[in-house]
Structures are given as C-alpha cells and as structure tokens.
$ cat upload.cif   # mmCIF, C-alpha atoms
data_model
loop_
_atom_site.label_atom_id
_atom_site.label_comp_id
_atom_site.auth_asym_id
_atom_site.auth_seq_id
_atom_site.Cartn_x
_atom_site.Cartn_y
_atom_site.Cartn_z
CA MET Q 1 0.00 0.00 0.00
CA SER Q 2 1.21 3.52 -0.78
CA PRO Q 3 1.36 5.96 2.08
CA PRO Q 4 -1.73 8.16 2.29
CA PRO Q 5 -1.28 11.71 1.03
CA THR Q 6 -2.30 13.63 4.16
CA ALA Q 7 -1.59 13.59 7.86
CA THR Q 8 -5.21 13.00 8.71
CA GLY Q 9 -5.44 10.20 6.21
CA GLY Q 10 -2.53 8.21 7.52
CA GLY Q 11 -1.34 9.75 10.74
CA PRO Q 12 1.56 12.12 11.21
CA VAL Q 13 5.20 11.09 10.97
CA PRO Q 14 7.24 10.93 14.19
CA GLY Q 15 7.90 14.43 15.52
CA ALA Q 16 5.09 16.07 13.54
CA VAL Q 17 2.63 16.24 16.44
CA GLU Q 18 5.37 17.62 18.68
CA ALA Q 19 6.09 20.33 16.09
CA VAL Q 20 2.45 21.41 16.17
CA LEU Q 21 2.32 21.32 19.97
CA ALA Q 22 5.49 23.42 20.13
CA ALA Q 23 3.77 26.15 18.10
CA LEU Q 24 0.88 26.39 20.55
CA SER Q 25 0.66 28.74 23.53
CA PHE Q 26 -1.54 27.06 26.10
CA ASP Q 27 -3.17 29.36 28.66
CA ARG Q 28 -2.87 29.13 32.46
CA ASP Q 29 -5.37 26.25 32.38
CA GLY Q 30 -3.34 24.43 29.72
CA LEU Q 31 -5.91 25.15 27.00
CA VAL Q 32 -6.21 26.75 23.57
CA ALA Q 33 -9.47 27.84 21.95
CA ALA Q 34 -10.54 25.69 19.00
CA ILE Q 35 -13.00 26.81 16.33
CA ALA Q 36 -14.72 24.10 14.29
CA GLN Q 37 -15.66 25.06 10.73
CA GLN Q 38 -17.40 22.83 8.21
CA HIS Q 39 -14.69 22.44 5.59
CA ASP Q 40 -16.81 22.68 2.45
CA THR Q 41 -19.50 25.21 3.37
CA GLY Q 42 -17.42 27.53 5.59
CA GLU Q 43 -20.05 27.41 8.31
CA VAL Q 44 -18.64 28.06 11.80
CA LEU Q 45 -20.09 25.28 13.93
CA MET Q 46 -18.79 25.80 17.46
CA LEU Q 47 -16.01 26.98 19.71
CA ALA Q 48 -14.51 24.67 22.30
CA TRP Q 49 -11.20 24.03 24.04
CA MET Q 50 -8.27 21.68 23.65
CA ASN Q 51 -5.39 20.72 25.90
CA ARG Q 52 -2.15 19.10 24.69
CA GLU Q 53 -3.60 15.62 24.88
CA ALA Q 54 -6.72 16.60 22.90
CA VAL Q 55 -4.60 18.14 20.13
CA LYS Q 56 -2.39 15.05 20.03
CA GLU Q 57 -5.31 12.62 19.91
CA THR Q 58 -7.07 14.68 17.23
CA LEU Q 59 -4.00 14.68 14.98
CA GLU Q 60 -3.30 11.01 15.54
CA THR Q 61 -6.83 9.70 15.07
CA GLY Q 62 -8.35 12.22 12.65
CA ARG Q 63 -11.39 12.50 14.94
CA ILE Q 64 -11.90 15.70 16.90
CA CYS Q 65 -11.27 15.45 20.62
CA TYR Q 66 -11.78 18.50 22.87
CA TRP Q 67 -11.22 19.16 26.54
CA SER Q 68 -14.48 19.61 28.43
CA ARG Q 69 -14.03 22.42 30.94
CA SER Q 70 -17.25 21.50 32.75
CA ARG Q 71 -16.43 17.80 33.06
CA GLN Q 72 -12.65 18.33 33.25
CA SER Q 73 -12.01 15.43 30.92
CA LEU Q 74 -11.30 14.64 27.29
CA TRP Q 75 -14.43 15.00 25.17
CA ARG Q 76 -14.46 12.88 22.04
CA LYS Q 77 -17.03 14.82 20.04
CA GLY Q 78 -19.97 12.60 19.11
CA GLU Q 79 -18.95 9.77 21.42
CA THR Q 80 -22.47 9.52 22.82
CA SER Q 81 -24.51 11.41 20.21
CA GLY Q 82 -22.86 9.99 17.10
CA HIS Q 83 -22.40 13.55 15.86
CA VAL Q 84 -18.70 13.14 15.24
CA GLN Q 85 -16.32 15.58 13.62
CA ARG Q 86 -13.75 14.21 11.22
CA LEU Q 87 -10.61 16.31 10.91
CA VAL Q 88 -9.90 17.68 7.46
CA GLU Q 89 -7.20 20.19 8.44
CA LEU Q 90 -5.91 21.70 11.67
CA ARG Q 91 -4.70 25.29 11.45
CA VAL Q 92 -2.86 27.38 14.03
CA ASP Q 93 -3.10 31.16 14.38
CA CYS Q 94 -0.24 33.67 14.32
CA ASP Q 95 0.39 33.68 18.04
CA GLY Q 96 -0.45 30.03 18.67
CA ASP Q 97 -3.31 30.52 21.10
CA ALA Q 98 -6.14 29.50 18.79
CA ILE Q 99 -6.79 26.56 16.49
CA LEU Q 100 -9.07 26.45 13.47
CA LEU Q 101 -10.37 22.96 12.78
CA GLN Q 102 -11.61 22.30 9.28
CA VAL Q 103 -13.99 19.43 9.91
CA ASP Q 104 -16.61 17.24 8.38
CA GLN Q 105 -19.49 17.31 10.84
CA THR Q 106 -21.97 14.46 11.03
CA GLY Q 107 -25.42 15.82 11.95
CA PRO Q 108 -25.82 18.81 14.27
CA ALA Q 109 -22.76 20.21 16.03
CA CYS Q 110 -24.82 21.75 18.85
CA HIS Q 111 -26.23 19.85 21.80
CA THR Q 112 -29.52 21.72 21.22
CA GLY Q 113 -29.93 19.94 17.89
CA GLU Q 114 -29.03 22.99 15.84
CA ARG Q 115 -26.46 22.52 13.11
CA SER Q 116 -24.29 25.34 14.51
CA CYS Q 117 -24.04 26.60 18.08
CA PHE Q 118 -24.23 30.15 16.70
CA PHE Q 119 -27.96 30.15 16.00
CA ARG Q 120 -28.82 33.47 17.65
CA ALA Q 121 -28.07 36.87 16.17
CA ALA Q 122 -28.32 40.41 17.43
CA ASN Q 123 -30.73 42.58 15.53
CA LYS Q 124 -32.10 46.05 16.18
CA SER Q 125 -34.28 44.79 19.03
CA GLY Q 126 -32.11 42.19 20.75
CA LEU Q 127 -31.27 38.54 20.09
CA VAL Q 128 -33.24 36.44 17.61
CA LYS Q 129 -33.01 32.85 16.47
CA ILE Q 130 -31.68 32.40 12.96
CA ALA Q 131 -31.50 29.40 10.66
CA SER Q 132 -28.29 27.51 11.34
CA MET Y 1 -35.73 59.46 6.70
CA SER Y 2 -36.95 55.92 7.21
CA PRO Y 3 -35.29 53.96 9.95
CA PRO Y 4 -32.52 51.70 8.65
CA PRO Y 5 -33.41 48.02 8.42
CA THR Y 6 -30.69 46.52 10.60
CA ALA Y 7 -29.17 47.11 13.99
CA THR Y 8 -25.75 47.70 12.53
CA GLY Y 9 -27.12 50.10 9.99
CA GLY Y 10 -28.81 52.40 12.42
CA GLY Y 11 -27.92 51.42 15.93
CA PRO Y 12 -29.93 49.24 18.26
CA VAL Y 13 -33.10 50.38 20.00
CA PRO Y 14 -32.96 51.06 23.76
CA GLY Y 15 -32.59 47.81 25.67
CA ALA Y 16 -31.34 45.79 22.71
CA VAL Y 17 -27.67 45.93 23.68
CA GLU Y 18 -28.57 44.98 27.25
CA ALA Y 19 -30.52 41.97 25.92
CA VAL Y 20 -27.44 40.76 24.06
CA LEU Y 21 -25.18 41.37 27.07
CA ALA Y 22 -27.61 39.45 29.29
CA ALA Y 23 -27.24 36.39 27.03
CA LEU Y 24 -23.44 36.37 27.41
CA SER Y 25 -21.47 34.45 30.03
CA PHE Y 26 -18.29 36.36 30.64
CA ASP Y 27 -15.39 34.37 32.10
CA ARG Y 28 -13.49 35.13 35.33
CA ASP Y 29 -11.60 37.86 33.47
CA GLY Y 30 -14.86 39.37 32.19
CA LEU Y 31 -14.26 38.19 28.63
CA VAL Y 32 -15.88 36.12 25.89
CA ALA Y 33 -14.08 34.69 22.87
CA ALA Y 34 -14.97 36.37 19.58
CA ILE Y 35 -14.41 34.78 16.18
CA ALA Y 36 -14.27 37.11 13.17
CA GLN Y 37 -15.47 35.63 9.89
CA GLN Y 38 -15.56 37.42 6.53
CA HIS Y 39 -19.29 37.56 5.88
CA ASP Y 40 -19.31 36.80 2.17
CA THR Y 41 -16.48 34.31 1.75
CA GLY Y 42 -16.83 32.43 5.04
CA GLU Y 43 -13.12 32.79 5.75
CA VAL Y 44 -12.29 32.70 9.46
CA LEU Y 45 -9.99 35.68 9.99
CA MET Y 46 -9.05 35.69 13.67
CA LEU Y 47 -10.01 34.95 17.23
CA ALA Y 48 -9.88 37.66 19.86
CA TRP Y 49 -11.65 38.67 23.08
CA MET Y 50 -14.37 41.07 24.11
CA ASN Y 51 -15.50 42.44 27.43
CA ARG Y 52 -18.92 44.01 28.04
CA GLU Y 53 -17.76 47.43 26.92
CA ALA Y 54 -16.28 46.07 23.67
CA VAL Y 55 -19.55 44.25 22.83
CA LYS Y 56 -21.55 47.38 23.59
CA GLU Y 57 -19.33 49.65 21.51
CA THR Y 58 -19.30 47.18 18.60
CA LEU Y 59 -23.10 46.99 18.53
CA GLU Y 60 -23.52 50.73 18.87
CA THR Y 61 -20.94 51.83 16.31
CA GLY Y 62 -20.95 48.92 13.82
CA ARG Y 63 -17.14 48.84 13.99
CA ILE Y 64 -15.47 45.91 15.73
CA CYS Y 65 -13.90 46.69 19.08
CA TYR Y 66 -12.07 43.96 21.03
CA TRP Y 67 -10.41 43.84 24.42
CA SER Y 68 -6.65 43.52 24.18
CA ARG Y 69 -5.48 41.10 26.85
CA SER Y 70 -1.84 42.11 26.36
CA ARG Y 71 -2.50 45.84 26.58
CA GLN Y 72 -5.47 45.51 28.97
CA SER Y 73 -7.43 48.08 27.03
CA LEU Y 74 -10.11 48.40 24.38
CA TRP Y 75 -8.73 47.61 20.94
CA ARG Y 76 -10.55 49.26 18.08
CA LYS Y 77 -9.51 46.98 15.26
CA GLY Y 78 -7.72 48.93 12.53
CA GLU Y 79 -7.34 52.09 14.61
CA THR Y 80 -3.67 52.38 13.72
CA SER Y 81 -3.40 50.05 10.69
CA GLY Y 82 -6.58 51.12 8.92
CA HIS Y 83 -7.52 47.45 8.64
CA VAL Y 84 -10.93 47.92 10.18
CA GLN Y 85 -13.70 45.38 10.55
CA ARG Y 86 -17.23 46.52 9.86
CA LEU Y 87 -19.91 44.55 11.68
CA VAL Y 88 -22.39 42.74 9.47
CA GLU Y 89 -23.94 40.51 12.15
CA LEU Y 90 -23.10 39.51 15.72
CA ARG Y 91 -24.07 35.97 16.70
CA VAL Y 92 -24.03 34.33 20.14
CA ASP Y 93 -23.47 30.64 20.79
CA CYS Y 94 -25.75 28.27 22.71
CA ASP Y 95 -24.15 28.80 26.10
CA GLY Y 96 -23.26 32.45 25.62
CA ASP Y 97 -19.52 32.18 26.04
CA ALA Y 98 -18.54 32.75 22.43
CA ILE Y 99 -19.43 35.31 19.78
CA LEU Y 100 -19.29 34.92 16.02
CA LEU Y 101 -18.75 38.22 14.25
CA GLN Y 102 -19.75 38.34 10.61
CA VAL Y 103 -17.56 41.17 9.38
CA ASP Y 104 -16.37 43.01 6.34
CA GLN Y 105 -12.59 43.16 6.73
CA THR Y 106 -10.56 45.89 5.09
CA GLY Y 107 -7.14 44.54 4.08
CA PRO Y 108 -5.38 41.88 6.13
CA ALA Y 109 -6.82 40.87 9.49
CA CYS Y 110 -3.49 39.63 10.84
CA HIS Y 111 -0.72 41.85 12.17
CA THR Y 112 1.73 39.78 10.08
CA GLY Y 113 0.11 41.08 6.91
CA GLU Y 114 -1.66 37.79 6.18
CA ARG Y 115 -5.34 38.02 5.34
CA SER Y 116 -6.22 35.50 8.10
CA CYS Y 117 -4.34 34.76 11.32
CA PHE Y 118 -4.82 31.04 10.56
CA PHE Y 119 -2.15 30.80 7.87
CA ARG Y 120 -0.37 27.70 9.19
CA ALA Y 121 -1.68 24.16 8.88
CA ALA Y 122 -0.60 20.81 10.24
CA ASN Y 123 0.39 18.31 7.63
CA LYS Y 124 2.02 14.90 7.84
CA SER Y 125 5.39 16.43 8.75
CA GLY Y 126 4.47 19.34 11.02
CA LEU Y 127 3.25 22.90 10.47
CA VAL Y 128 3.39 24.54 7.05
CA LYS Y 129 2.41 27.96 5.77
CA ILE Y 130 -0.70 27.97 3.61
CA ALA Y 131 -2.29 30.64 1.44
CA SER Y 132 -4.63 32.74 3.54
#

$ encode --input "upload.cif" --output "structure tokens"
Amino acid sequence: MSPPPTATGGGPVPGAVEAVLAALSFDRDGLVAAIAQQHDTGEVLMLAWMNREAVKETLETGRICYWSRSRQSLWRKGETSGHVQRLVELRVDCDGDAILLQVDQTGPACHTGERSCFFRAANKSGLVKIAS
Amino acid sequence: MSPPPTATGGGPVPGAVEAVLAALSFDRDGLVAAIAQQHDTGEVLMLAWMNREAVKETLETGRICYWSRSRQSLWRKGETSGHVQRLVELRVDCDGDAILLQVDQTGPACHTGERSCFFRAANKSGLVKIAS
C-alpha cells in the first residue's frame, strides 16, 4: 500500500505532532481555543477548548477530541450522540493561542440539535433565532 | 428618513444591547471569545476577546472593538493600521460564552500582513504555511 497523502489520512510522521504542539501557547489552564468550521461550506459550527492531549489525539486519530471544561475530561465529540467531527485540516493562528479545525461534521454540532451553536443573532431589538 | 433596516445600519433600540449582554457568560476575566469571519467568503480571519464594553461599543458603532489582553485596554480593530472590521452581524453561541462576528474586513486581518491569522496548517510532517 502507498502511504496516504495527508496527515489525517494516515497519521503524522514521528515528531510532527510535537512540532504542532510546540507552536501552541496554552493558557494558564493548559488550553487553547478551537474553532470548528465545516470544511466545504465555511459554516462556523462551534467553539470549544483543547489541551495538549486533545490536540495530540485529534492529529493522531483524525477524529476531533476536545477538553471539556465542565467535566474536566477529554471530550471525544460525538462519542455519545454519534455527531462526530472528522478532521480535514488543523490550522494554528499567528500567536499560537487559537486553532481552526476544518472538519466534516456528522449531523448537528450543537447539543440543542441545531447545526451550529451560533444560531442566535443580534438585531435592532435584541437577540433572535436564525437558521443555522 | 426611514429607519434603517438593521441594527448595525442604524444602531440598536434602547434595551437591545442589554438583551445581548444578558445572554453572554463572561469568564473570570470578564471576557468572551470572539471569532471574526468574513461575511461573504466564510473565511475565518481571527479569534480575539471582548469584554462588556467592547460588545456594547461594537453593537452601537458597527465597527469591531475587542479587548486587548496584552494591553489591557479596548482595541478598536484597525485604529492604527486602517484594517478595520465593519460589523455585518453579531451571533451568540448556545451557552453564551462565544461570539461569532460576521464582518467586512478591510485589508489583512493579521498583524503579520496575512489576510487571516490562521495561515499555518498541520500536515504529515508538522506545520506549514498555507495561502490565507
């Protein structure tokens, strides 16, 4: 078998995950913010958090794993709901304290059943629900 | 003159800004994460932070104002560079601790001169620069 063309297809080579981790600036809680965006539509689905272990697992498995601040544990997105996120590409911002995950989302990303967590918008009168 | 059709066009009515602020859960530093996305292309430009005052000013002026954690002051995006962000729509996530700003970005969003701050991506070997 030929090696797969991408990191997410076949797993990173030795040292690659460490190179990504070295570019990240984790905050005082050991976290970076992670934005999930549907790779083909551009829709921003959610914002969550990752620690070193979550970043490592995500890169190695190609399935998105966050850190749940409320449960204080790794949160393998879709583990109970089935609404998994497959990693298409992981991007890092200029100062290393935010990650942009290009994903392929199965079903809704939001626990409310909405496709995106950002389903409310400010208008002239306050906050209104929008299609998501 | 007729009233403008949107909040950002003509400013919110009394109480509208307070309704948005009431839906937000500010962290222990009084901040929420704010993602800026180019409204027409879907490109995620940057992630920054807002406090109550920054949200209020953004809604009232239609120009994006963040809170600079490094300078500990309001940061009117583009004030010195001219690379302003005009607000198209402000969205709030399901649990109120993140904001999605649909913006119209003048020039590059990143202080490095890149259009987006997310100009590095993980591949099989590590982090590489991508077009942004």

$ interface_residues --input "upload.cif" --of "chain Y" --to "chain Q" --cutoff "6 Å" --atoms "only C-alpha atoms" --output "list in words"
Thr6, Ala7, Pro12, Val13, Ala16, Ala19, Val20, Gly42, Leu90, Arg91, Val92, Asp93, Cys94, Cys117, Phe118, Arg120, Ala121, Ala122, Asn123, Lys124, Ser125, Gly126 and Leu127 of chain Y

$ atom_distance --input "upload.cif" --atom1 "atom CA of Q:Lys56" --atom2 "atom CA of Q:Ser70"
20.6 Å

$ resolve_selection --input "upload.cif" --expression "the PyMOL selection byres ((chain Q and resi 64) around 9)" --output "list in words"
Ala54, Val55, Glu57, Thr58, Leu59, Thr61, Gly62, Arg63, Cys65, Tyr66, Trp75, Arg76, Lys77, Gly78, Val84, Gln85, Arg86, Leu87, Leu101 and Val103 of chain Q

$ atom_distance --input "upload.cif" --atom1 "atom CA of Y:Asp104" --atom2 "atom CA of Y:Ser73"
23.1 Å

$ residues_around --input "upload.cif" --residues "Q:Gly107" --least-positions-apart "2" --cutoff "8 Å" --atoms "only C-alpha atoms" --output "PDB file with C-alpha atoms, keeping the file's coordinate frame"
ATOM      1  CA  HIS Q  83     -22.400  13.550  15.860  1.00  0.00           C
ATOM      2  CA  VAL Q  84     -18.700  13.140  15.240  1.00  0.00           C
ATOM      3  CA  GLN Q 105     -19.490  17.310  10.840  1.00  0.00           C
ATOM      4  CA  ALA Q 109     -22.760  20.210  16.030  1.00  0.00           C
ATOM      5  CA  ARG Q 115     -26.460  22.520  13.110  1.00  0.00           C
TER       6      ARG Q 115
END

$ decode --input "upload.cif" --residues "stretch 16-29 of chain Q" --atoms "N, CA, C and O atoms" --output "PDB file, in the first residue's frame"
ATOM      1  N   ALA Q  16       5.997  15.091  14.147  1.00  0.00           N
ATOM      2  CA  ALA Q  16       5.091  16.074  13.543  1.00  0.00           C
ATOM      3  C   ALA Q  16       4.122  16.643  14.582  1.00  0.00           C
ATOM      4  O   ALA Q  16       3.886  17.853  14.632  1.00  0.00           O
ATOM      5  N   VAL Q  17       3.570  15.778  15.403  1.00  0.00           N
ATOM      6  CA  VAL Q  17       2.634  16.239  16.435  1.00  0.00           C
ATOM      7  C   VAL Q  17       3.358  17.157  17.409  1.00  0.00           C
ATOM      8  O   VAL Q  17       2.842  18.215  17.800  1.00  0.00           O
ATOM      9  N   GLU Q  18       4.586  16.796  17.764  1.00  0.00           N
ATOM     10  CA  GLU Q  18       5.370  17.618  18.683  1.00  0.00           C
ATOM     11  C   GLU Q  18       5.645  18.997  18.074  1.00  0.00           C
ATOM     12  O   GLU Q  18       5.661  20.002  18.788  1.00  0.00           O
ATOM     13  N   ALA Q  19       5.850  19.042  16.757  1.00  0.00           N
ATOM     14  CA  ALA Q  19       6.087  20.329  16.088  1.00  0.00           C
ATOM     15  C   ALA Q  19       4.851  21.227  16.178  1.00  0.00           C
ATOM     16  O   ALA Q  19       4.965  22.435  16.387  1.00  0.00           O
ATOM     17  N   VAL Q  20       3.688  20.631  16.047  1.00  0.00           N
ATOM     18  CA  VAL Q  20       2.448  21.412  16.172  1.00  0.00           C
ATOM     19  C   VAL Q  20       2.280  21.875  17.611  1.00  0.00           C
ATOM     20  O   VAL Q  20       1.997  23.050  17.883  1.00  0.00           O
ATOM     21  N   LEU Q  21       2.473  20.966  18.549  1.00  0.00           N
ATOM     22  CA  LEU Q  21       2.320  21.319  19.967  1.00  0.00           C
ATOM     23  C   LEU Q  21       3.287  22.441  20.364  1.00  0.00           C
ATOM     24  O   LEU Q  21       2.935  23.332  21.137  1.00  0.00           O
ATOM     25  N   ALA Q  22       4.485  22.405  19.795  1.00  0.00           N
ATOM     26  CA  ALA Q  22       5.492  23.418  20.134  1.00  0.00           C
ATOM     27  C   ALA Q  22       5.089  24.806  19.637  1.00  0.00           C
ATOM     28  O   ALA Q  22       5.549  25.822  20.157  1.00  0.00           O
ATOM     29  N   ALA Q  23       4.215  24.861  18.644  1.00  0.00           N
ATOM     30  CA  ALA Q  23       3.772  26.149  18.097  1.00  0.00           C
ATOM     31  C   ALA Q  23       2.596  26.730  18.881  1.00  0.00           C
ATOM     32  O   ALA Q  23       2.170  27.848  18.622  1.00  0.00           O
ATOM     33  N   LEU Q  24       2.078  25.961  19.814  1.00  0.00           N
ATOM     34  CA  LEU Q  24       0.884  26.393  20.548  1.00  0.00           C
ATOM     35  C   LEU Q  24       1.248  27.047  21.887  1.00  0.00           C
ATOM     36  O   LEU Q  24       2.180  26.618  22.566  1.00  0.00           O
ATOM     37  N   SER Q  25       0.501  28.089  22.237  1.00  0.00           N
ATOM     38  CA  SER Q  25       0.659  28.742  23.533  1.00  0.00           C
ATOM     39  C   SER Q  25      -0.557  28.408  24.379  1.00  0.00           C
ATOM     40  O   SER Q  25      -1.616  29.024  24.210  1.00  0.00           O
ATOM     41  N   PHE Q  26      -0.420  27.448  25.242  1.00  0.00           N
ATOM     42  CA  PHE Q  26      -1.538  27.061  26.101  1.00  0.00           C
ATOM     43  C   PHE Q  26      -1.681  28.089  27.227  1.00  0.00           C
ATOM     44  O   PHE Q  26      -0.684  28.630  27.712  1.00  0.00           O
ATOM     45  N   ASP Q  27      -2.923  28.357  27.615  1.00  0.00           N
ATOM     46  CA  ASP Q  27      -3.171  29.358  28.659  1.00  0.00           C
ATOM     47  C   ASP Q  27      -2.890  28.785  30.052  1.00  0.00           C
ATOM     48  O   ASP Q  27      -2.409  27.663  30.191  1.00  0.00           O
ATOM     49  N   ARG Q  28      -3.207  29.551  31.083  1.00  0.00           N
ATOM     50  CA  ARG Q  28      -2.872  29.134  32.462  1.00  0.00           C
ATOM     51  C   ARG Q  28      -3.594  27.859  32.866  1.00  0.00           C
ATOM     52  O   ARG Q  28      -3.204  27.211  33.830  1.00  0.00           O
ATOM     53  N   ASP Q  29      -4.669  27.512  32.122  1.00  0.00           N
ATOM     54  CA  ASP Q  29      -5.366  26.251  32.375  1.00  0.00           C
ATOM     55  C   ASP Q  29      -4.884  25.135  31.446  1.00  0.00           C
ATOM     56  O   ASP Q  29      -5.459  24.039  31.437  1.00  0.00           O
TER      57      ASP Q  29
END
